[in-house]
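Undergrad: Input structure.cif, format and content: mmCIF, C-alpha atoms.
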```cif
data_run
#
loop_
_atom_site.label_atom_id
_atom_site.label_comp_id
_atom_site.auth_asym_id
_atom_site.auth_seq_id
_atom_site.Cartn_x
_atom_site.Cartn_y
_atom_site.Cartn_z
CA MET A 298 -34.20 -20.17 -161.83
CA ALA A 299 -35.26 -20.90 -158.29
CA ALA A 300 -35.80 -24.63 -157.91
CA GLN A 301 -38.16 -24.19 -154.99
CA GLN A 302 -39.83 -21.15 -153.46
CA GLU A 303 -42.69 -20.41 -151.13
CA ALA A 304 -45.36 -18.27 -152.80
CA ALA A 305 -45.88 -15.09 -150.83
CA GLY A 306 -46.44 -11.37 -151.38
CA GLU A 307 -47.54 -9.59 -154.53
CA ALA A 308 -44.56 -10.29 -156.80
CA LEU A 309 -45.03 -13.12 -159.27
CA PRO A 310 -42.04 -15.49 -158.81
CA LEU A 311 -41.14 -15.96 -162.45
CA ASP A 312 -39.24 -19.00 -163.71
CA SER A 313 -39.78 -20.83 -160.45
CA VAL A 314 -41.21 -24.12 -159.24
CA LEU A 315 -43.39 -23.45 -156.21
CA ALA A 316 -43.85 -26.28 -153.74
CA GLY A 317 -47.31 -26.82 -152.29
CA ASP A 318 -50.98 -27.44 -152.98
CA CYS A 319 -51.89 -25.65 -156.22
CA ILE A 320 -55.09 -24.07 -154.86
CA GLU A 321 -53.35 -22.68 -151.79
CA VAL A 322 -50.32 -21.48 -153.75
CA MET A 323 -52.42 -19.78 -156.42
CA ALA A 324 -54.33 -17.93 -153.71
CA GLY A 325 -51.06 -16.21 -152.78
CA LEU A 326 -50.18 -15.06 -156.30
CA PRO A 327 -51.18 -11.65 -157.74
CA ALA A 328 -54.42 -11.47 -159.72
CA GLY A 329 -54.27 -10.76 -163.45
CA SER A 330 -50.59 -11.69 -163.76
CA VAL A 331 -50.62 -14.69 -166.11
CA ASP A 332 -51.08 -14.89 -169.90
CA LEU A 333 -51.73 -18.61 -170.21
CA VAL A 334 -52.51 -21.57 -167.96
CA PHE A 335 -51.58 -25.07 -169.06
CA ALA A 336 -53.16 -27.61 -166.72
CA ASP A 337 -52.69 -31.37 -166.66
CA PRO A 338 -54.83 -32.19 -163.60
CA PRO A 339 -55.16 -35.63 -161.97
CA TYR A 340 -57.02 -38.06 -164.21
CA ASN A 341 -58.99 -39.71 -161.38
CA LEU A 342 -58.51 -43.01 -163.21
CA GLN A 343 -60.65 -45.09 -160.82
CA LEU A 344 -58.31 -48.04 -161.28
CA ARG A 345 -59.24 -51.27 -159.55
CA GLY A 346 -56.29 -53.54 -158.86
CA GLU A 347 -53.09 -53.91 -160.84
CA LEU A 348 -52.81 -54.11 -164.63
CA HIS A 349 -50.55 -56.72 -166.22
CA ARG A 350 -49.27 -57.43 -169.72
CA PRO A 351 -49.83 -60.81 -171.39
CA ASP A 352 -46.39 -61.91 -170.11
CA ASN A 353 -47.64 -61.12 -166.58
CA SER A 354 -45.30 -58.14 -166.14
CA ARG A 355 -46.89 -55.27 -164.25
CA VAL A 356 -47.85 -52.09 -166.16
CA ASP A 357 -46.33 -49.00 -164.60
CA GLY A 358 -49.55 -46.97 -164.66
CA VAL A 359 -50.89 -44.06 -162.66
CA ASP A 360 -51.63 -45.30 -159.17
CA ALA A 361 -50.19 -42.53 -156.97
CA ALA A 362 -52.18 -40.94 -154.16
CA TRP A 363 -52.43 -37.62 -156.02
CA ASP A 364 -54.64 -39.27 -158.64
CA ARG A 365 -57.14 -40.81 -156.23
CA PHE A 366 -60.43 -39.19 -155.16
CA ALA A 367 -63.07 -40.89 -153.03
CA THR A 368 -66.04 -39.82 -155.18
CA PHE A 369 -66.85 -37.91 -158.34
CA GLY A 370 -68.22 -35.19 -156.09
CA ASP A 371 -64.84 -34.81 -154.41
CA TYR A 372 -63.16 -34.57 -157.81
CA ASP A 373 -65.68 -31.99 -159.03
CA ARG A 374 -65.16 -29.80 -155.97
CA PHE A 375 -61.40 -29.98 -156.46
CA THR A 376 -61.78 -29.11 -160.15
CA ARG A 377 -64.00 -26.12 -159.50
CA ALA A 378 -61.60 -24.81 -156.86
CA TRP A 379 -58.46 -24.91 -158.99
CA LEU A 380 -60.24 -23.52 -162.06
CA ALA A 381 -61.52 -20.55 -160.04
CA ALA A 382 -58.06 -19.92 -158.60
CA ALA A 383 -56.48 -20.09 -162.07
CA ARG A 384 -59.07 -17.76 -163.61
CA ARG A 385 -58.31 -15.12 -160.98
CA LEU A 386 -54.67 -15.15 -162.06
CA LEU A 387 -55.35 -14.80 -165.78
CA LYS A 388 -55.08 -11.42 -167.48
CA PRO A 389 -58.27 -10.27 -169.27
CA HIS A 390 -56.91 -11.58 -172.59
CA GLY A 391 -55.62 -14.78 -170.98
CA ALA A 392 -56.53 -18.35 -171.86
CA ILE A 393 -56.27 -21.86 -170.50
CA TRP A 394 -55.44 -25.30 -171.86
CA ALA A 395 -56.63 -28.31 -169.88
CA ILE A 396 -55.70 -31.83 -170.89
CA GLY A 397 -57.20 -35.11 -169.75
CA SER A 398 -58.47 -38.57 -170.64
CA TYR A 399 -62.02 -39.88 -170.90
CA HIS A 400 -61.93 -40.40 -167.14
CA ASN A 401 -61.94 -36.69 -166.32
CA ILE A 402 -61.98 -34.34 -169.31
CA PHE A 403 -65.77 -34.15 -169.60
CA ARG A 404 -66.10 -33.18 -165.95
CA VAL A 405 -63.32 -30.60 -166.40
CA GLY A 406 -65.04 -29.20 -169.51
CA GLY A 407 -68.35 -28.70 -167.71
CA ALA A 408 -66.60 -27.04 -164.77
CA LEU A 409 -64.73 -24.75 -167.18
CA GLN A 410 -67.97 -23.46 -168.63
CA ASP A 411 -69.61 -23.13 -165.22
CA ALA A 412 -66.62 -21.06 -164.04
CA GLY A 413 -67.07 -18.50 -166.83
CA TYR A 414 -64.42 -19.64 -169.29
CA TRP A 415 -65.33 -19.67 -172.99
CA ILE A 416 -64.35 -22.82 -174.88
CA LEU A 417 -62.54 -22.07 -178.16
CA ASN A 418 -61.58 -25.57 -179.33
CA ASP A 419 -61.18 -29.09 -178.16
CA VAL A 420 -58.11 -30.80 -179.58
CA ILE A 421 -57.51 -34.51 -179.91
CA TRP A 422 -53.94 -35.49 -179.14
CA ARG A 423 -53.70 -38.74 -181.09
CA LYS A 424 -50.80 -40.82 -179.85
CA SER A 425 -48.85 -42.52 -182.61
CA ASN A 426 -47.54 -45.09 -180.11
CA PRO A 427 -50.31 -45.69 -177.52
CA MET A 428 -50.20 -48.36 -174.84
CA PRO A 429 -52.18 -51.41 -176.04
CA ASN A 430 -55.33 -52.55 -174.30
CA PHE A 431 -53.95 -55.65 -172.61
CA ARG A 432 -57.24 -57.08 -171.37
CA GLY A 433 -58.93 -56.88 -174.76
CA ARG A 434 -62.21 -55.67 -173.30
CA ARG A 435 -62.18 -52.11 -174.67
CA LEU A 436 -60.80 -50.10 -177.56
CA THR A 437 -57.15 -49.11 -177.29
CA ASN A 438 -57.13 -45.71 -175.60
CA ALA A 439 -55.06 -43.90 -178.22
CA HIS A 440 -55.79 -40.24 -177.50
CA GLU A 441 -56.22 -37.52 -174.91
CA THR A 442 -58.34 -34.41 -175.21
CA LEU A 443 -57.18 -30.84 -174.72
CA ILE A 444 -59.65 -28.01 -174.12
CA TRP A 445 -58.57 -24.51 -175.10
CA ALA A 446 -60.66 -21.73 -173.56
CA SER A 447 -60.43 -17.97 -173.14
CA ARG A 448 -60.92 -16.39 -169.73
CA ALA A 449 -64.34 -15.09 -170.77
CA GLU A 450 -66.60 -14.84 -173.78
CA GLY A 451 -65.42 -12.10 -176.14
CA ALA A 452 -61.90 -11.92 -174.69
CA ARG A 453 -59.10 -11.00 -177.14
CA TYR A 454 -57.04 -14.14 -176.69
CA THR A 455 -53.71 -14.82 -178.42
CA PHE A 456 -53.81 -17.12 -181.43
CA ASN A 457 -50.84 -17.21 -183.80
CA TYR A 458 -52.76 -18.65 -186.75
CA GLU A 459 -50.11 -18.02 -189.39
CA ALA A 460 -47.37 -19.53 -187.20
CA LEU A 461 -49.38 -22.71 -186.75
CA LYS A 462 -50.10 -22.85 -190.46
CA ALA A 463 -46.38 -22.54 -191.17
CA LEU A 464 -45.66 -25.25 -188.59
CA ASN A 465 -48.08 -27.49 -190.52
CA ASP A 466 -46.29 -27.10 -193.88
CA GLY A 467 -48.52 -24.26 -195.06
CA VAL A 468 -51.81 -26.02 -194.35
CA GLN A 469 -54.33 -24.77 -191.80
CA MET A 470 -53.74 -26.54 -188.48
CA ARG A 471 -56.49 -28.99 -187.59
CA SER A 472 -57.82 -29.96 -184.18
CA ASP A 473 -56.42 -33.50 -184.30
CA TRP A 474 -52.71 -33.65 -183.49
CA LEU A 475 -50.66 -36.77 -184.17
CA ILE A 476 -47.76 -36.66 -181.70
CA PRO A 477 -45.97 -39.65 -180.13
CA LEU A 478 -45.83 -40.35 -176.43
CA CYS A 479 -42.78 -39.20 -174.55
CA THR A 480 -40.11 -41.85 -175.15
CA GLY A 481 -36.36 -42.30 -175.61
CA ALA A 482 -33.91 -39.74 -174.28
CA GLU A 483 -36.73 -37.28 -173.51
CA ARG A 484 -38.33 -39.65 -170.99
CA LEU A 485 -36.99 -38.91 -167.51
CA LYS A 486 -36.02 -41.97 -165.50
CA GLY A 487 -34.93 -42.67 -161.96
CA GLU A 488 -31.80 -44.45 -160.85
CA ASP A 489 -33.67 -47.76 -161.10
CA GLY A 490 -34.43 -47.14 -164.77
CA ALA A 491 -38.16 -46.73 -164.17
CA LYS A 492 -40.15 -43.73 -165.40
CA ALA A 493 -39.58 -40.77 -163.10
CA HIS A 494 -43.14 -39.53 -163.70
CA PRO A 495 -46.02 -41.67 -165.04
CA THR A 496 -47.68 -38.96 -167.15
CA GLN A 497 -44.76 -36.94 -168.54
CA LYS A 498 -46.02 -35.06 -171.60
CA PRO A 499 -43.98 -34.83 -174.83
CA GLU A 500 -42.22 -31.54 -175.42
CA ALA A 501 -43.62 -31.48 -178.97
CA LEU A 502 -47.13 -31.10 -177.55
CA LEU A 503 -46.17 -28.13 -175.38
CA HIS A 504 -44.17 -26.59 -178.22
CA ARG A 505 -47.29 -26.51 -180.38
CA VAL A 506 -49.47 -25.13 -177.58
CA LEU A 507 -47.05 -22.33 -176.67
CA VAL A 508 -46.25 -21.33 -180.26
CA ALA A 509 -49.99 -21.23 -180.98
CA THR A 510 -51.22 -19.24 -177.99
CA THR A 511 -48.36 -17.25 -176.46
CA ASN A 512 -45.67 -14.81 -177.52
CA PRO A 513 -42.08 -14.46 -176.29
CA GLY A 514 -42.06 -12.91 -172.82
CA ASP A 515 -45.57 -14.14 -171.93
CA VAL A 516 -46.09 -15.80 -168.55
CA VAL A 517 -47.30 -19.41 -168.50
CA LEU A 518 -48.65 -20.98 -165.30
CA ASP A 519 -48.76 -24.76 -164.82
CA PRO A 520 -50.54 -25.66 -161.56
CA PHE A 521 -49.75 -29.40 -161.92
CA PHE A 522 -46.11 -29.08 -162.90
CA GLY A 523 -45.05 -32.70 -162.51
CA SER A 524 -41.83 -33.38 -164.40
CA GLY A 525 -41.66 -29.78 -165.66
CA THR A 526 -42.35 -30.17 -169.39
CA THR A 527 -44.22 -26.85 -169.51
CA GLY A 528 -41.33 -25.01 -167.87
CA ALA A 529 -38.69 -26.68 -170.04
CA VAL A 530 -40.44 -25.75 -173.28
CA ALA A 531 -41.35 -22.27 -172.03
CA ARG A 532 -37.72 -21.57 -171.15
CA ALA A 533 -36.51 -22.80 -174.54
CA LEU A 534 -39.08 -20.65 -176.37
CA GLY A 535 -38.37 -17.44 -174.45
CA ARG A 536 -41.54 -17.52 -172.36
CA ARG A 537 -41.62 -17.03 -168.59
CA PHE A 538 -43.20 -19.67 -166.40
CA VAL A 539 -44.48 -20.43 -162.93
CA GLY A 540 -44.88 -24.05 -161.93
CA ILE A 541 -46.71 -25.43 -158.89
CA GLU A 542 -46.08 -28.95 -157.64
CA ARG A 543 -46.89 -30.54 -154.29
CA ASP A 544 -44.61 -33.59 -154.52
CA PRO A 545 -41.08 -32.61 -153.32
CA ALA A 546 -39.50 -35.28 -155.51
CA TYR A 547 -41.13 -33.82 -158.63
CA VAL A 548 -40.18 -30.29 -157.57
CA ALA A 549 -36.53 -31.35 -157.48
CA LEU A 550 -36.83 -33.33 -160.71
CA ALA A 551 -38.39 -30.43 -162.63
CA GLY A 552 -35.89 -27.93 -161.25
CA GLU A 553 -32.94 -30.03 -162.33
CA ARG A 554 -34.46 -30.63 -165.75
CA ILE A 555 -35.17 -26.98 -166.47
CA ALA A 556 -31.73 -25.89 -165.28
CA ARG A 557 -30.30 -27.95 -168.15
CA VAL A 558 -32.41 -26.22 -170.80
CA ARG A 559 -30.64 -23.78 -173.09
CA PRO A 560 -33.02 -21.11 -174.43
CA TYR A 561 -33.17 -20.79 -178.19
CA ASP A 562 -31.38 -17.85 -179.79
CA ARG A 563 -33.64 -14.77 -179.81
CA ALA A 564 -33.58 -14.64 -183.59
CA GLY A 565 -35.03 -18.15 -183.64
CA LEU A 566 -38.02 -17.19 -181.49
CA ALA A 567 -39.66 -15.12 -184.24
CA THR A 568 -42.71 -16.74 -185.83
CA THR A 569 -44.85 -15.94 -188.85
CA ALA A 570 -46.93 -12.93 -187.89
CA SER A 571 -50.70 -13.06 -188.00
CA ARG A 572 -52.20 -10.99 -190.77
CA ARG A 573 -54.79 -9.79 -188.31
CA ALA A 574 -52.00 -8.09 -186.38
CA GLU A 575 -50.86 -6.09 -189.41
CA PRO A 576 -51.87 -2.40 -189.63
CA ARG A 577 -55.28 -1.86 -191.20
CA ILE A 578 -55.07 0.00 -194.49
CA ALA A 579 -58.20 1.46 -196.10
CA PHE A 580 -58.45 1.47 -199.87
CA GLY A 581 -59.19 5.18 -199.63
CA GLU A 582 -55.65 5.70 -198.31
CA VAL A 583 -54.30 4.18 -201.52
CA VAL A 584 -56.26 6.78 -203.48
CA GLU A 585 -55.31 9.65 -201.16
CA ARG A 586 -51.63 8.81 -201.52
CA GLY A 587 -51.92 8.80 -205.32
CA LEU A 588 -50.93 5.16 -205.70
CA LEU A 589 -54.14 4.83 -207.71
CA ARG A 590 -55.79 7.87 -209.27
CA PRO A 591 -59.53 8.60 -209.47
CA GLY A 592 -60.79 7.34 -212.81
CA GLU A 593 -58.14 4.63 -213.08
CA VAL A 594 -59.45 1.24 -214.20
CA LEU A 595 -59.25 -1.95 -212.13
CA VAL A 596 -60.09 -5.35 -213.56
CA SER A 597 -61.54 -8.50 -212.00
CA PRO A 598 -60.18 -12.03 -212.65
CA ARG A 599 -62.93 -12.40 -215.28
CA GLY A 600 -61.98 -9.13 -216.99
CA VAL A 601 -64.81 -6.96 -215.63
CA ALA A 602 -63.68 -3.31 -215.38
CA ALA A 603 -64.35 -0.92 -212.50
CA ARG A 604 -63.29 2.70 -212.09
CA VAL A 605 -61.70 4.13 -208.98
CA ARG A 606 -63.60 7.06 -207.47
CA ALA A 607 -62.18 9.90 -205.40
CA ASP A 608 -63.73 8.64 -202.14
CA GLY A 609 -62.10 5.22 -202.43
CA THR A 610 -65.13 3.40 -203.84
CA LEU A 611 -65.48 1.66 -207.19
CA ALA A 612 -68.09 1.91 -209.93
CA ALA A 613 -68.65 -1.05 -212.25
CA ALA A 614 -71.60 -1.46 -214.61
CA ASP A 615 -74.69 -0.86 -212.43
CA VAL A 616 -73.04 -1.38 -209.04
CA SER A 617 -70.89 0.82 -206.82
CA GLY A 618 -69.40 0.56 -203.36
CA SER A 619 -66.25 -0.59 -201.62
CA ILE A 620 -63.71 -2.85 -203.34
CA HIS A 621 -65.20 -5.73 -201.35
CA GLN A 622 -68.86 -4.90 -202.01
CA VAL A 623 -68.44 -4.50 -205.76
CA GLY A 624 -66.41 -7.70 -206.03
CA ALA A 625 -69.05 -9.65 -204.07
CA ALA A 626 -71.86 -8.21 -206.23
CA LEU A 627 -70.10 -9.18 -209.46
CA GLU A 628 -69.44 -12.71 -208.20
CA ARG A 629 -72.90 -12.98 -206.61
CA ALA A 630 -71.13 -14.08 -203.44
CA PRO A 631 -71.83 -13.18 -199.79
CA SER A 632 -68.35 -11.67 -199.44
CA CYS A 633 -65.19 -10.91 -201.37
CA ASN A 634 -61.62 -9.93 -200.49
CA GLY A 635 -61.29 -6.93 -202.77
CA TRP A 636 -57.56 -6.61 -202.14
CA THR A 637 -56.83 -9.86 -203.93
CA TYR A 638 -59.79 -9.71 -206.33
CA TRP A 639 -58.99 -6.43 -208.09
CA HIS A 640 -55.92 -5.86 -210.30
CA PHE A 641 -54.37 -2.87 -212.05
CA ARG A 642 -51.86 -2.41 -214.89
CA ARG A 643 -48.30 -1.27 -214.27
CA ASP A 644 -45.39 -1.50 -216.68
CA GLY A 645 -47.29 -3.84 -218.96
CA ALA A 646 -48.18 -6.31 -216.16
CA THR A 647 -51.44 -6.93 -214.28
CA VAL A 648 -50.87 -6.99 -210.52
CA PRO A 649 -53.22 -7.18 -207.49
CA ILE A 650 -53.97 -3.98 -205.61
CA ASP A 651 -52.85 -5.82 -202.46
CA LEU A 652 -49.28 -4.90 -203.44
CA LEU A 653 -50.17 -1.27 -202.79
CA ARG A 654 -51.56 -2.16 -199.36
CA GLN A 655 -48.33 -3.99 -198.50
CA GLN A 656 -46.33 -0.97 -199.61
CA LEU A 657 -48.23 1.29 -197.21
CA ARG A 658 -47.91 -1.26 -194.40
CA ALA A 659 -44.14 -1.40 -194.93
CA GLU A 660 -43.93 2.39 -194.79
CA ARG A 661 -45.99 2.48 -191.61
CA GLY A 662 -43.81 -0.18 -190.00
CA ALA A 663 -40.64 1.72 -190.90
CA GLY A 664 -42.15 4.83 -189.37
CA ASP A 665 -42.91 2.98 -186.13
CA GLU A 666 -39.30 1.74 -185.91
CA ALA A 667 -37.94 5.23 -186.56
CA GLY A 668 -40.18 6.62 -183.82
#
```
Please, can you express the file's structure as structure tokens?

TA:
Amino acid sequence: MAAQQEAAGEALPLDSVLAGDCIEVMAGLPAGSVDLVFADPPYNLQLRGELHRPDNSRVDGVDAAWDRFATFGDYDRFTRAWLAAARRLLKPHGAIWAIGSYHNIFRVGGALQDAGYWILNDVIWRKSNPMPNFRGRRLTNAHETLIWASRAEGARYTFNYEALKALNDGVQMRSDWLIPLCTGAERLKGEDGAKAHPTQKPEALLHRVLVATTNPGDVVLDPFFGSGTTGAVARALGRRFVGIERDPAYVALAGERIARVRPYDRAGLATTASRRAEPRIAFGEVVERGLLRPGEVLVSPRGVAARVRADGTLAAADVSGSIHQVGAALERAPSCNGWTYWHFRRDGATVPIDLLRQQLRAERGAGDEAG
């Protein structure tokens, strides 16, 4: 990995930390070359004076020059510029994650929509160990908001639904994520023992984002690279990355951090495949292949019988149609998954017809590997 490079030419400098202003650097990168953008832009905290704990010790907050803007208008112009530059770099199926606090995320969200992105979800990162509100004048600020958006409305973005469900112990992943702040050995510190970066994100947060919305080999761009969490997690998970950072100290810090990362074994990068990605099998193919014969009887969970017809439709009582249509009609429901609804008899047992679909999918997959 190159710790520092100047962005130039048409080649995308993969697995590199590029030094410079993110808008200027992105302008020099090739269009349509990135699968995902993860952006943690300046918060524009509008802090006034120093913040102290009850014991009068100073809170090490965000007070660097990179987080200060003279007016909201200045911040909005900056936001629109980097969002436009990032959108140019995204592939047609690409997507973006932007994270922020109440100080900036609403302005970022409006600019996202104005730029042509299509918001898919907002996610609440609920911190299990937030910093207390020392002045006692407001609620403890215990969360940040992430916005996930595709490059454009209707884009075929990546979403590994089944992998996220598996990550969440078999339950559908929700849009509120309880993850602790970056602490302990993961927190990078300087020689003086102070935090090396004030807003270092936890690797667990990036792990979830990248498992959810990228695949191994995808390219992830982080235009506000900071301490390099995005690059560290991307490298571990077998993704490629490009980081942009204007502070030379952070460029060096991130480069050193990522150089220490050992990628996971390739076998460990596999995740639960999305069912939507599996080959589509028509029920008619089951009939054509003779796995079910015309005239054979299927039964519903309530014992209603339907006969298979030669064209792959069913006939039951006074209704006929596809396996889904007939099931929905019998249940008086707007829809029905006929593959799991209908069962047939084999060797004295009643089994779902979905087993036949899986058999054909397995055969098709074996054929693809042989080819």

Undergrad: Decode the PyMOL selection byres ((chain A and resi 427) around 10) for the given file into explicit residues and return them as a list in words.

TA: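 Selected by the PyMOL selection byres ((chain A and resi 427) around 10) in this file: Arg423, Lys424, Ser425, Asn426, Met428, Pro429, Asn430, Thr437, Asn438, Ala439, His440, Pro477 and Leu478 of chain A.
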
Undergrad: Grab the residues selected above and save them as a compact mmCIF listing (two decimals), in the frame of the given file with C-alpha atoms.

TA:
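Listed below is the output, selection.txt:
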```txt
# COMPACT_ATOMS: atom_id res chain seq x y z
CA ARG A 423 -53.70 -38.74 -181.09
CA LYS A 424 -50.80 -40.82 -179.85
CA SER A 425 -48.85 -42.52 -182.61
CA ASN A 426 -47.54 -45.09 -180.11
CA MET A 428 -50.20 -48.36 -174.84
CA PRO A 429 -52.18 -51.41 -176.04
CA ASN A 430 -55.33 -52.55 -174.30
CA THR A 437 -57.15 -49.11 -177.29
CA ASN A 438 -57.13 -45.71 -175.60
CA ALA A 439 -55.06 -43.90 -178.22
CA HIS A 440 -55.79 -40.24 -177.50
CA PRO A 477 -45.97 -39.65 -180.13
CA LEU A 478 -45.83 -40.35 -176.43
```

Undergrad: Quick one: residues within 7 Å of region 591-602 of chain A, all atoms listed in the file counted, chain neighbours fewer than 5 positions away excluded, as a list in words?

TA: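 In the requested format, the answer is Ala607, Ala613, Tyr638, Trp639, His640 and Phe641 of chain A.
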
Undergrad: Just the selected residues (C-alpha atoms), exported as a tab-separated table (two decimals), keeping the file's coordinate frame, please.

TA:
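Produced file again-v3.tsv, reproduced below:
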```
chain	number	residue	atom	x	y	z
A	607	ALA	CA	-62.18	9.90	-205.40
A	613	ALA	CA	-68.65	-1.05	-212.25
A	638	TYR	CA	-59.79	-9.71	-206.33
A	639	TRP	CA	-58.99	-6.43	-208.09
A	640	HIS	CA	-55.92	-5.86	-210.30
A	641	PHE	CA	-54.37	-2.87	-212.05
```

Undergrad: Env of Ile444 (chain A): 10 Å cut, atoms = only C-alpha atoms, seq-sep filter 6 positions within chain, self excluded. Answer as a list in words.

TA: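 Contacts, with the query itself left out: Phe335, Ala336, Ile393, Trp394, Ala395, Ile396, Gly397, Ile402, Phe403, Val405, Gly406, Leu409, Ile416, Leu417, Asn418, Asp419, Val420 and Ile421 of chain A.
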
Undergrad: For the PyMOL selection byres ((chain A and resi 320-330) around 9), applied here, can you spell out every residue it catches as a ChimeraX atom specification?

TA: /A:303-310,315-319,331-332,375,378-389,391,516,520,541

Undergrad: As an exercise, work out the distance from CA of Thr526 (chain A) to CA of Ser398 (chain A) in Å and give it to one decimal place.

TA: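 For CA of Thr526 (chain A) relative to CA of Ser398 (chain A), the distance reads 18.2 Å.
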
Undergrad: Write out as number ranges by chain the residues lying within 10 Å of Leu534 (chain A), counting only C-alpha atoms and excluding same-chain residues fewer than 2 positions away.

TA: A: 504, 507-508, 511-514, 528-532, 536-537, 559-563, 565-567

Undergrad: Evaluate the PyMOL selection byres ((chain A and resi 655) around 12) and record the selected residues as a PDB file with C-alpha atoms, in the frame of the given file, following the chain and residue labels used in the document.

TA:
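As a result, selection_10.pdb now contains:
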```pdb
ATOM      1  CA  ARG A 572     -52.200 -10.990-190.770  1.00  0.00           C
ATOM      2  CA  GLU A 575     -50.860  -6.090-189.410  1.00  0.00           C
ATOM      3  CA  PRO A 576     -51.870  -2.400-189.630  1.00  0.00           C
ATOM      4  CA  ARG A 577     -55.280  -1.860-191.200  1.00  0.00           C
ATOM      5  CA  ILE A 578     -55.070   0.000-194.490  1.00  0.00           C
ATOM      6  CA  ALA A 579     -58.200   1.460-196.100  1.00  0.00           C
ATOM      7  CA  PHE A 580     -58.450   1.470-199.870  1.00  0.00           C
ATOM      8  CA  VAL A 583     -54.300   4.180-201.520  1.00  0.00           C
ATOM      9  CA  LEU A 588     -50.930   5.160-205.700  1.00  0.00           C
ATOM     10  CA  TRP A 636     -57.560  -6.610-202.140  1.00  0.00           C
ATOM     11  CA  THR A 637     -56.830  -9.860-203.930  1.00  0.00           C
ATOM     12  CA  PRO A 649     -53.220  -7.180-207.490  1.00  0.00           C
ATOM     13  CA  ILE A 650     -53.970  -3.980-205.610  1.00  0.00           C
ATOM     14  CA  ASP A 651     -52.850  -5.820-202.460  1.00  0.00           C
ATOM     15  CA  LEU A 652     -49.280  -4.900-203.440  1.00  0.00           C
ATOM     16  CA  LEU A 653     -50.170  -1.270-202.790  1.00  0.00           C
ATOM     17  CA  ARG A 654     -51.560  -2.160-199.360  1.00  0.00           C
ATOM     18  CA  GLN A 656     -46.330  -0.970-199.610  1.00  0.00           C
ATOM     19  CA  LEU A 657     -48.230   1.290-197.210  1.00  0.00           C
ATOM     20  CA  ARG A 658     -47.910  -1.260-194.400  1.00  0.00           C
ATOM     21  CA  ALA A 659     -44.140  -1.400-194.930  1.00  0.00           C
ATOM     22  CA  GLU A 660     -43.930   2.390-194.790  1.00  0.00           C
ATOM     23  CA  ARG A 661     -45.990   2.480-191.610  1.00  0.00           C
ATOM     24  CA  GLY A 662     -43.810  -0.180-190.000  1.00  0.00           C
TER      25      GLY A 662
END
```

Undergrad: Counting only C-alpha atoms, figure out which residue out of A:Arg365, A:Lys462, A:Arg453, A:Arg471 gets nearest to Asn401 (chain A).

TA: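 The closest residue to Asn401 (chain A) is A:Arg365.
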
Undergrad: Have a look at CA of Ala408 (chain A) and CA of Tyr372 (chain A) and let me know their distance in Å, one decimal.

TA: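 Distance between the two atoms: 10.8 Å.
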
Undergrad: Would you compute the distance between CA of Asn465 (chain A) and CA of Thr569 (chain A)? Give it in Å to one decimal.

TA: 12.1 Å

Undergrad: A:Gly490, A:Arg643, A:Thr568, A:Thr610: which is nearest Val584 (chain A), counting only C-alpha atoms?

TA: A:Thr610

Undergrad: Which residues come within 12 Å of Lys486 (chain A), counting only C-alpha atoms, excluding same-chain residues fewer than 6 positions away, as JSON, numbers by chain?

TA: {"A": [479, 480, 492, 493, 494, 495, 497, 524, 547, 550, 554]}

Undergrad: Go ahead and write the selection's residues with C-alpha atoms as a short mmCIF file (atom, residue, chain, number, x, y, z; two decimals), in the coordinates of the input.

TA:
```
data_model
loop_
_atom_site.label_atom_id
_atom_site.label_comp_id
_atom_site.auth_asym_id
_atom_site.auth_seq_id
_atom_site.Cartn_x
_atom_site.Cartn_y
_atom_site.Cartn_z
CA CYS A 479 -42.78 -39.20 -174.55
CA THR A 480 -40.11 -41.85 -175.15
CA LYS A 492 -40.15 -43.73 -165.40
CA ALA A 493 -39.58 -40.77 -163.10
CA HIS A 494 -43.14 -39.53 -163.70
CA PRO A 495 -46.02 -41.67 -165.04
CA GLN A 497 -44.76 -36.94 -168.54
CA SER A 524 -41.83 -33.38 -164.40
CA TYR A 547 -41.13 -33.82 -158.63
CA LEU A 550 -36.83 -33.33 -160.71
CA ARG A 554 -34.46 -30.63 -165.75
#
```

Undergrad: Centre and edge lengths of an axis-aligned box around all listed atoms of region 637-654 of chain A, with 6 Å added on each side, are to be given in Å to one decimal, as AutoDock Vina command-line options.

TA:
```
--center_x -52.6 --center_y -5.6 --center_z -209.2 --size_x 26.4 --size_y 20.6 --size_z 31.6
```
